[in-house]
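Student: For reference, the file entry_11.txt (compact mmCIF, N, CA and C atoms) is included below:
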# COMPACT_ATOMS: atom_id res chain seq x y z
N MET A 21 -0.14 -6.47 19.22
CA MET A 21 0.13 -6.91 17.86
C MET A 21 0.75 -8.30 17.89
N ASN A 22 -0.08 -9.30 18.04
CA ASN A 22 0.41 -10.67 18.13
C ASN A 22 0.59 -11.33 16.78
N THR A 23 -0.14 -10.87 15.78
CA THR A 23 -0.05 -11.49 14.47
C THR A 23 0.59 -10.53 13.48
N PRO A 24 1.22 -11.07 12.45
CA PRO A 24 1.81 -10.18 11.44
C PRO A 24 0.79 -9.24 10.82
N SER A 25 -0.46 -9.69 10.62
CA SER A 25 -1.45 -8.83 10.00
C SER A 25 -1.79 -7.63 10.87
N ALA A 26 -1.58 -7.76 12.18
CA ALA A 26 -1.85 -6.63 13.07
C ALA A 26 -0.97 -5.43 12.72
N TYR A 27 0.22 -5.69 12.25
CA TYR A 27 1.12 -4.59 11.85
C TYR A 27 0.50 -3.78 10.72
N TYR A 28 -0.13 -4.45 9.79
CA TYR A 28 -0.68 -3.78 8.62
C TYR A 28 -1.94 -3.00 8.96
N GLU A 29 -2.63 -3.38 10.02
CA GLU A 29 -3.88 -2.73 10.38
C GLU A 29 -3.72 -1.75 11.55
N HIS A 30 -2.52 -1.63 12.07
CA HIS A 30 -2.26 -0.80 13.24
C HIS A 30 -2.11 0.67 12.84
N GLY A 31 -2.61 1.56 13.71
CA GLY A 31 -2.43 2.99 13.52
C GLY A 31 -3.65 3.67 12.96
N THR A 32 -3.55 4.98 12.88
CA THR A 32 -4.64 5.78 12.33
C THR A 32 -4.72 5.57 10.83
N ALA A 33 -5.80 6.03 10.25
CA ALA A 33 -5.94 5.93 8.80
C ALA A 33 -4.80 6.68 8.10
N ALA A 34 -4.43 7.82 8.61
CA ALA A 34 -3.34 8.60 8.00
C ALA A 34 -2.01 7.86 8.11
N GLU A 35 -1.77 7.21 9.24
CA GLU A 35 -0.52 6.44 9.41
C GLU A 35 -0.50 5.24 8.47
N ARG A 36 -1.63 4.57 8.34
CA ARG A 36 -1.69 3.41 7.44
C ARG A 36 -1.55 3.84 5.98
N TRP A 37 -2.12 5.00 5.62
CA TRP A 37 -1.98 5.52 4.27
C TRP A 37 -0.51 5.79 3.97
N ALA A 38 0.17 6.43 4.92
CA ALA A 38 1.60 6.73 4.74
C ALA A 38 2.41 5.44 4.64
N ARG A 39 2.09 4.45 5.47
CA ARG A 39 2.79 3.17 5.44
C ARG A 39 2.57 2.47 4.10
N ALA A 40 1.34 2.49 3.62
CA ALA A 40 1.02 1.86 2.33
C ALA A 40 1.79 2.53 1.20
N GLN A 41 1.87 3.84 1.23
CA GLN A 41 2.61 4.55 0.19
C GLN A 41 4.10 4.21 0.24
N LEU A 42 4.64 4.07 1.44
CA LEU A 42 6.05 3.68 1.56
C LEU A 42 6.29 2.29 0.97
N PHE A 43 5.42 1.35 1.32
CA PHE A 43 5.53 0.00 0.74
C PHE A 43 5.44 0.06 -0.78
N PHE A 44 4.45 0.79 -1.28
CA PHE A 44 4.24 0.87 -2.72
C PHE A 44 5.46 1.49 -3.41
N ASP A 45 5.95 2.60 -2.87
CA ASP A 45 7.11 3.27 -3.46
C ASP A 45 8.35 2.38 -3.46
N ALA A 46 8.44 1.48 -2.47
CA ALA A 46 9.56 0.54 -2.38
C ALA A 46 9.32 -0.72 -3.23
N LYS A 47 8.24 -0.71 -3.99
CA LYS A 47 7.85 -1.84 -4.83
C LYS A 47 7.55 -3.10 -4.01
N GLU A 48 7.10 -2.88 -2.80
CA GLU A 48 6.64 -3.96 -1.91
C GLU A 48 5.11 -3.99 -2.02
N TYR A 49 4.64 -4.50 -3.15
CA TYR A 49 3.22 -4.37 -3.49
C TYR A 49 2.30 -5.23 -2.64
N ALA A 50 2.71 -6.44 -2.30
CA ALA A 50 1.85 -7.30 -1.47
C ALA A 50 1.64 -6.71 -0.08
N PRO A 51 2.69 -6.24 0.62
CA PRO A 51 2.45 -5.59 1.91
C PRO A 51 1.62 -4.31 1.77
N ALA A 52 1.83 -3.56 0.70
CA ALA A 52 1.01 -2.37 0.48
C ALA A 52 -0.46 -2.76 0.36
N ALA A 53 -0.73 -3.84 -0.35
CA ALA A 53 -2.11 -4.30 -0.51
C ALA A 53 -2.71 -4.72 0.83
N LEU A 54 -1.91 -5.33 1.69
CA LEU A 54 -2.42 -5.72 3.01
C LEU A 54 -2.84 -4.49 3.82
N VAL A 55 -2.04 -3.46 3.79
CA VAL A 55 -2.38 -2.23 4.51
C VAL A 55 -3.62 -1.59 3.89
N LEU A 56 -3.63 -1.52 2.59
CA LEU A 56 -4.70 -0.81 1.88
C LEU A 56 -6.04 -1.52 1.92
N THR A 57 -6.04 -2.83 2.05
CA THR A 57 -7.30 -3.57 2.08
C THR A 57 -8.18 -3.10 3.22
N SER A 58 -7.62 -3.02 4.42
CA SER A 58 -8.43 -2.58 5.56
C SER A 58 -8.74 -1.08 5.45
N LEU A 59 -7.78 -0.31 4.96
CA LEU A 59 -8.00 1.12 4.83
C LEU A 59 -9.12 1.42 3.83
N ALA A 60 -9.10 0.76 2.68
CA ALA A 60 -10.13 0.97 1.67
C ALA A 60 -11.51 0.55 2.18
N ALA A 61 -11.55 -0.50 2.98
CA ALA A 61 -12.82 -0.93 3.56
C ALA A 61 -13.34 0.08 4.57
N GLU A 62 -12.41 0.71 5.26
CA GLU A 62 -12.77 1.71 6.28
C GLU A 62 -13.28 3.01 5.65
N VAL A 63 -12.72 3.39 4.52
CA VAL A 63 -13.11 4.65 3.86
C VAL A 63 -13.45 4.40 2.39
N PRO A 64 -14.52 3.62 2.12
CA PRO A 64 -14.83 3.24 0.74
C PRO A 64 -15.21 4.44 -0.15
N GLU A 65 -15.55 5.55 0.47
CA GLU A 65 -15.93 6.73 -0.30
C GLU A 65 -14.72 7.52 -0.82
N GLN A 66 -13.52 7.11 -0.43
CA GLN A 66 -12.31 7.78 -0.88
C GLN A 66 -11.66 7.00 -2.02
N LEU A 67 -11.43 7.69 -3.11
CA LEU A 67 -10.88 7.05 -4.31
C LEU A 67 -9.41 6.66 -4.16
N ALA A 68 -8.60 7.53 -3.59
CA ALA A 68 -7.14 7.31 -3.58
C ALA A 68 -6.72 5.97 -2.97
N PRO A 69 -7.21 5.60 -1.78
CA PRO A 69 -6.78 4.30 -1.24
C PRO A 69 -7.25 3.12 -2.09
N ARG A 70 -8.42 3.24 -2.68
CA ARG A 70 -8.94 2.14 -3.49
C ARG A 70 -8.15 2.00 -4.79
N LEU A 71 -7.78 3.12 -5.39
CA LEU A 71 -7.00 3.06 -6.63
C LEU A 71 -5.59 2.54 -6.35
N LEU A 72 -4.99 2.97 -5.25
CA LEU A 72 -3.66 2.46 -4.92
C LEU A 72 -3.73 0.97 -4.58
N LEU A 73 -4.82 0.54 -3.95
CA LEU A 73 -5.03 -0.88 -3.67
C LEU A 73 -5.10 -1.67 -4.98
N ALA A 74 -5.86 -1.17 -5.93
CA ALA A 74 -5.96 -1.85 -7.23
C ALA A 74 -4.59 -1.93 -7.90
N ARG A 75 -3.82 -0.85 -7.82
CA ARG A 75 -2.47 -0.84 -8.40
C ARG A 75 -1.56 -1.84 -7.69
N ALA A 76 -1.67 -1.92 -6.37
CA ALA A 76 -0.86 -2.87 -5.61
C ALA A 76 -1.23 -4.31 -5.99
N PHE A 77 -2.51 -4.57 -6.12
CA PHE A 77 -2.94 -5.90 -6.57
C PHE A 77 -2.38 -6.20 -7.96
N TYR A 78 -2.47 -5.24 -8.86
CA TYR A 78 -1.98 -5.43 -10.23
C TYR A 78 -0.49 -5.74 -10.23
N HIS A 79 0.28 -4.93 -9.53
CA HIS A 79 1.73 -5.10 -9.54
C HIS A 79 2.19 -6.35 -8.78
N SER A 80 1.37 -6.86 -7.88
CA SER A 80 1.73 -8.10 -7.18
C SER A 80 1.07 -9.32 -7.83
N ALA A 81 0.57 -9.12 -9.05
CA ALA A 81 -0.03 -10.19 -9.86
C ALA A 81 -1.25 -10.83 -9.20
N GLN A 82 -1.96 -10.07 -8.39
CA GLN A 82 -3.24 -10.51 -7.83
C GLN A 82 -4.32 -9.94 -8.76
N LEU A 83 -4.35 -10.48 -9.96
CA LEU A 83 -5.14 -9.87 -11.04
C LEU A 83 -6.64 -9.97 -10.82
N THR A 84 -7.11 -11.04 -10.24
CA THR A 84 -8.55 -11.16 -9.97
C THR A 84 -8.97 -10.11 -8.96
N ARG A 85 -8.16 -9.91 -7.94
CA ARG A 85 -8.46 -8.88 -6.94
C ARG A 85 -8.38 -7.48 -7.56
N ALA A 86 -7.38 -7.26 -8.41
CA ALA A 86 -7.25 -5.96 -9.08
C ALA A 86 -8.50 -5.70 -9.93
N GLU A 87 -8.90 -6.70 -10.69
CA GLU A 87 -10.09 -6.54 -11.53
C GLU A 87 -11.33 -6.21 -10.69
N ARG A 88 -11.51 -6.94 -9.61
CA ARG A 88 -12.67 -6.71 -8.74
C ARG A 88 -12.67 -5.28 -8.19
N GLU A 89 -11.52 -4.83 -7.72
CA GLU A 89 -11.42 -3.48 -7.15
C GLU A 89 -11.64 -2.42 -8.22
N LEU A 90 -11.06 -2.62 -9.40
CA LEU A 90 -11.21 -1.65 -10.48
C LEU A 90 -12.65 -1.56 -10.97
N ARG A 91 -13.33 -2.69 -11.04
CA ARG A 91 -14.75 -2.66 -11.44
C ARG A 91 -15.57 -1.91 -10.39
N ALA A 92 -15.27 -2.10 -9.12
CA ALA A 92 -15.98 -1.37 -8.06
C ALA A 92 -15.69 0.13 -8.15
N ILE A 93 -14.45 0.47 -8.43
CA ILE A 93 -14.09 1.88 -8.58
C ILE A 93 -14.88 2.50 -9.74
N LEU A 94 -14.89 1.82 -10.88
CA LEU A 94 -15.57 2.36 -12.05
C LEU A 94 -17.08 2.41 -11.89
N GLU A 95 -17.62 1.54 -11.05
CA GLU A 95 -19.05 1.61 -10.77
C GLU A 95 -19.37 2.92 -10.04
N ARG A 96 -18.48 3.31 -9.15
CA ARG A 96 -18.69 4.53 -8.36
C ARG A 96 -18.16 5.78 -9.05
N TRP A 97 -17.04 5.65 -9.77
CA TRP A 97 -16.38 6.77 -10.45
C TRP A 97 -16.15 6.40 -11.92
N PRO A 98 -17.19 6.39 -12.74
CA PRO A 98 -17.04 5.92 -14.13
C PRO A 98 -16.11 6.77 -14.99
N VAL A 99 -15.82 7.98 -14.59
CA VAL A 99 -14.94 8.84 -15.39
C VAL A 99 -13.49 8.80 -14.90
N GLU A 100 -13.16 7.85 -14.06
CA GLU A 100 -11.78 7.71 -13.58
C GLU A 100 -10.96 7.04 -14.67
N ASP A 101 -10.25 7.87 -15.45
CA ASP A 101 -9.56 7.37 -16.64
C ASP A 101 -8.44 6.38 -16.31
N TYR A 102 -7.73 6.60 -15.21
CA TYR A 102 -6.65 5.66 -14.88
C TYR A 102 -7.22 4.28 -14.52
N ALA A 103 -8.37 4.25 -13.87
CA ALA A 103 -9.00 2.97 -13.55
C ALA A 103 -9.43 2.26 -14.83
N GLN A 104 -9.91 3.03 -15.82
CA GLN A 104 -10.26 2.44 -17.12
C GLN A 104 -9.02 1.78 -17.74
N LEU A 105 -7.91 2.53 -17.75
CA LEU A 105 -6.67 2.02 -18.33
C LEU A 105 -6.17 0.78 -17.59
N LEU A 106 -6.14 0.86 -16.26
CA LEU A 106 -5.62 -0.24 -15.48
C LEU A 106 -6.50 -1.48 -15.58
N LEU A 107 -7.82 -1.29 -15.67
CA LEU A 107 -8.69 -2.45 -15.87
C LEU A 107 -8.39 -3.09 -17.22
N GLY A 108 -8.21 -2.26 -18.25
CA GLY A 108 -7.84 -2.81 -19.55
C GLY A 108 -6.54 -3.60 -19.50
N ARG A 109 -5.54 -3.04 -18.84
CA ARG A 109 -4.24 -3.73 -18.71
C ARG A 109 -4.37 -5.01 -17.88
N THR A 110 -5.19 -4.96 -16.85
CA THR A 110 -5.41 -6.14 -16.00
C THR A 110 -6.04 -7.27 -16.81
N LEU A 111 -7.04 -6.92 -17.60
CA LEU A 111 -7.70 -7.93 -18.44
C LEU A 111 -6.73 -8.47 -19.50
N GLU A 112 -5.90 -7.60 -20.07
CA GLU A 112 -4.90 -8.06 -21.03
C GLU A 112 -3.95 -9.07 -20.40
N ARG A 113 -3.49 -8.77 -19.19
CA ARG A 113 -2.56 -9.69 -18.50
C ARG A 113 -3.19 -11.04 -18.22
N GLN A 114 -4.52 -11.08 -18.17
CA GLN A 114 -5.22 -12.34 -17.96
C GLN A 114 -5.57 -13.02 -19.29
N GLY A 115 -5.06 -12.47 -20.39
CA GLY A 115 -5.32 -13.07 -21.69
C GLY A 115 -6.71 -12.76 -22.23
N ARG A 116 -7.30 -11.66 -21.79
CA ARG A 116 -8.67 -11.30 -22.17
C ARG A 116 -8.65 -9.99 -22.98
N ALA A 117 -7.89 -10.00 -24.07
CA ALA A 117 -7.67 -8.79 -24.87
C ALA A 117 -8.97 -8.21 -25.43
N ALA A 118 -9.86 -9.06 -25.90
CA ALA A 118 -11.11 -8.56 -26.47
C ALA A 118 -11.94 -7.83 -25.41
N GLU A 119 -11.95 -8.36 -24.22
CA GLU A 119 -12.68 -7.73 -23.12
C GLU A 119 -11.98 -6.44 -22.66
N ALA A 120 -10.66 -6.40 -22.80
CA ALA A 120 -9.88 -5.23 -22.40
C ALA A 120 -10.05 -4.05 -23.34
N ALA A 121 -10.25 -4.32 -24.62
CA ALA A 121 -10.24 -3.29 -25.65
C ALA A 121 -11.15 -2.09 -25.37
N PRO A 122 -12.40 -2.29 -24.98
CA PRO A 122 -13.25 -1.12 -24.73
C PRO A 122 -12.72 -0.22 -23.61
N TYR A 123 -12.16 -0.81 -22.57
CA TYR A 123 -11.62 -0.02 -21.46
C TYR A 123 -10.40 0.78 -21.91
N LEU A 124 -9.58 0.16 -22.74
CA LEU A 124 -8.39 0.85 -23.25
C LEU A 124 -8.78 1.98 -24.20
N ARG A 125 -9.81 1.76 -25.01
CA ARG A 125 -10.29 2.82 -25.91
C ARG A 125 -10.86 3.98 -25.12
N ILE A 126 -11.64 3.69 -24.09
CA ILE A 126 -12.21 4.75 -23.25
C ILE A 126 -11.10 5.54 -22.58
N ALA A 127 -10.13 4.85 -22.02
CA ALA A 127 -9.00 5.52 -21.36
C ALA A 127 -8.26 6.42 -22.33
N ALA A 128 -8.02 5.93 -23.55
CA ALA A 128 -7.31 6.73 -24.56
C ALA A 128 -8.13 7.96 -24.93
N ALA A 129 -9.43 7.78 -25.12
CA ALA A 129 -10.28 8.91 -25.48
C ALA A 129 -10.30 9.94 -24.34
N MET A 130 -10.37 9.48 -23.11
CA MET A 130 -10.37 10.40 -21.97
C MET A 130 -9.06 11.18 -21.88
N ALA A 131 -7.99 10.55 -22.34
CA ALA A 131 -6.67 11.20 -22.32
C ALA A 131 -6.46 12.07 -23.56
N GLY A 132 -7.44 12.09 -24.46
CA GLY A 132 -7.33 12.90 -25.66
C GLY A 132 -6.55 12.26 -26.78
N GLU A 133 -6.38 10.94 -26.70
CA GLU A 133 -5.65 10.20 -27.73
C GLU A 133 -6.66 9.55 -28.66
N PHE A 134 -6.78 10.12 -29.85
CA PHE A 134 -7.73 9.59 -30.82
C PHE A 134 -6.98 9.02 -32.01
N PRO A 135 -7.43 7.89 -32.53
CA PRO A 135 -6.76 7.31 -33.69
C PRO A 135 -6.91 8.24 -34.89
N GLU A 136 -5.86 8.31 -35.69
CA GLU A 136 -5.93 9.14 -36.89
C GLU A 136 -6.75 8.44 -37.94
N GLY A 137 -7.64 9.20 -38.53
CA GLY A 137 -8.56 8.62 -39.49
C GLY A 137 -8.07 8.70 -40.83
The structure in this file should be written as structure tokens.

Tutor:
Amino acid sequence: MNTPSAYYEHGTAAERWARAQLFFDAKEYAPAALVLTSLAAEVPEQLAPRLLLARAFYHSAQLTRAERELRAILERWPVEDYAQLLLGRTLERQGRAAEAAPYLRIAAAMAGEFPEG
């Protein structure tokens, strides 16, 4: 482990998942994203690492990366309501409220929150 990045990529997938969760829980979002980037690439068929990666990007203000990851998640798992919500919030943080609105409406509907008529 000669480089700092080697620390983030070292260990089994389970060890890296645990390390990423520790970073995330400690609100160390950028290091969590470093761990999760390689893990998500290694197991792209698993939703949990990819969703936590998107959340880490969002919380560390890497909004373009968060958006990219969330769009990829929704392409594969279109009924993932939290990804719908987080994509809407990510777009809002980028000043793209009109583009965010459909994602926020879908997330609300999936959560059973309907506007009163």

Student: Using only C-alpha atoms for the distances, tell me which of A:Trp97, A:Met130, A:Glu29, A:His79 is nearest to A:Pro64.

Tutor: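 Among A:Trp97, A:Met130, A:Glu29, A:His79, it is A:Trp97 that comes nearest to A:Pro64.
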
Student: Which centre and which edge lengths, in Å to one decimal, describe the axis-aligned box that holds all listed atoms of stretch 86-92 of chain A after 5 Å is added on each side, as AutoDock Vina command-line options?

Tutor:
--center_x -11.6 --center_y -3.6 --center_z -9.3 --size_x 18.7 --size_y 17.4 --size_z 14.4

Student: Between atom CA of A:Ala117 and atom CA of A:Phe77, what is the spacing in Å?

Tutor: 19.1 Å

Student: From the set A:Arg70, A:Lys47, A:Arg96, A:Arg113, which residue has the shortest atom-to-atom contact distance to A:Leu83, counting only N, CA and C atoms?

Tutor: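 Going through A:Arg70, A:Lys47, A:Arg96, A:Arg113 one by one, the smallest distance to A:Leu83 is for A:Arg113.
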
Student: Between A:Gln104, A:Leu54, A:Glu62, A:Gln114, which is the closest to A:Thr84 once you count only C-alpha atoms?

Tutor: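 Closest candidate: A:Gln114.
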
Student: Which residue out of A:Leu67, A:Ala50, A:Glu89, A:Ile126 has the minimum interatomic distance to A:Leu105 when all atoms listed in the file are used?

Tutor: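 Closest candidate: A:Ile126.
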
Student: Compile the contact shell of A:Pro51 as a PyMOL selection string: residues with an atom at most 8 Å away, counting all atoms listed in the file, same-chain residues fewer than 3 positions apart removed.

Tutor: chain A and resi 28+39-40+43-44+47-48+54-57+76
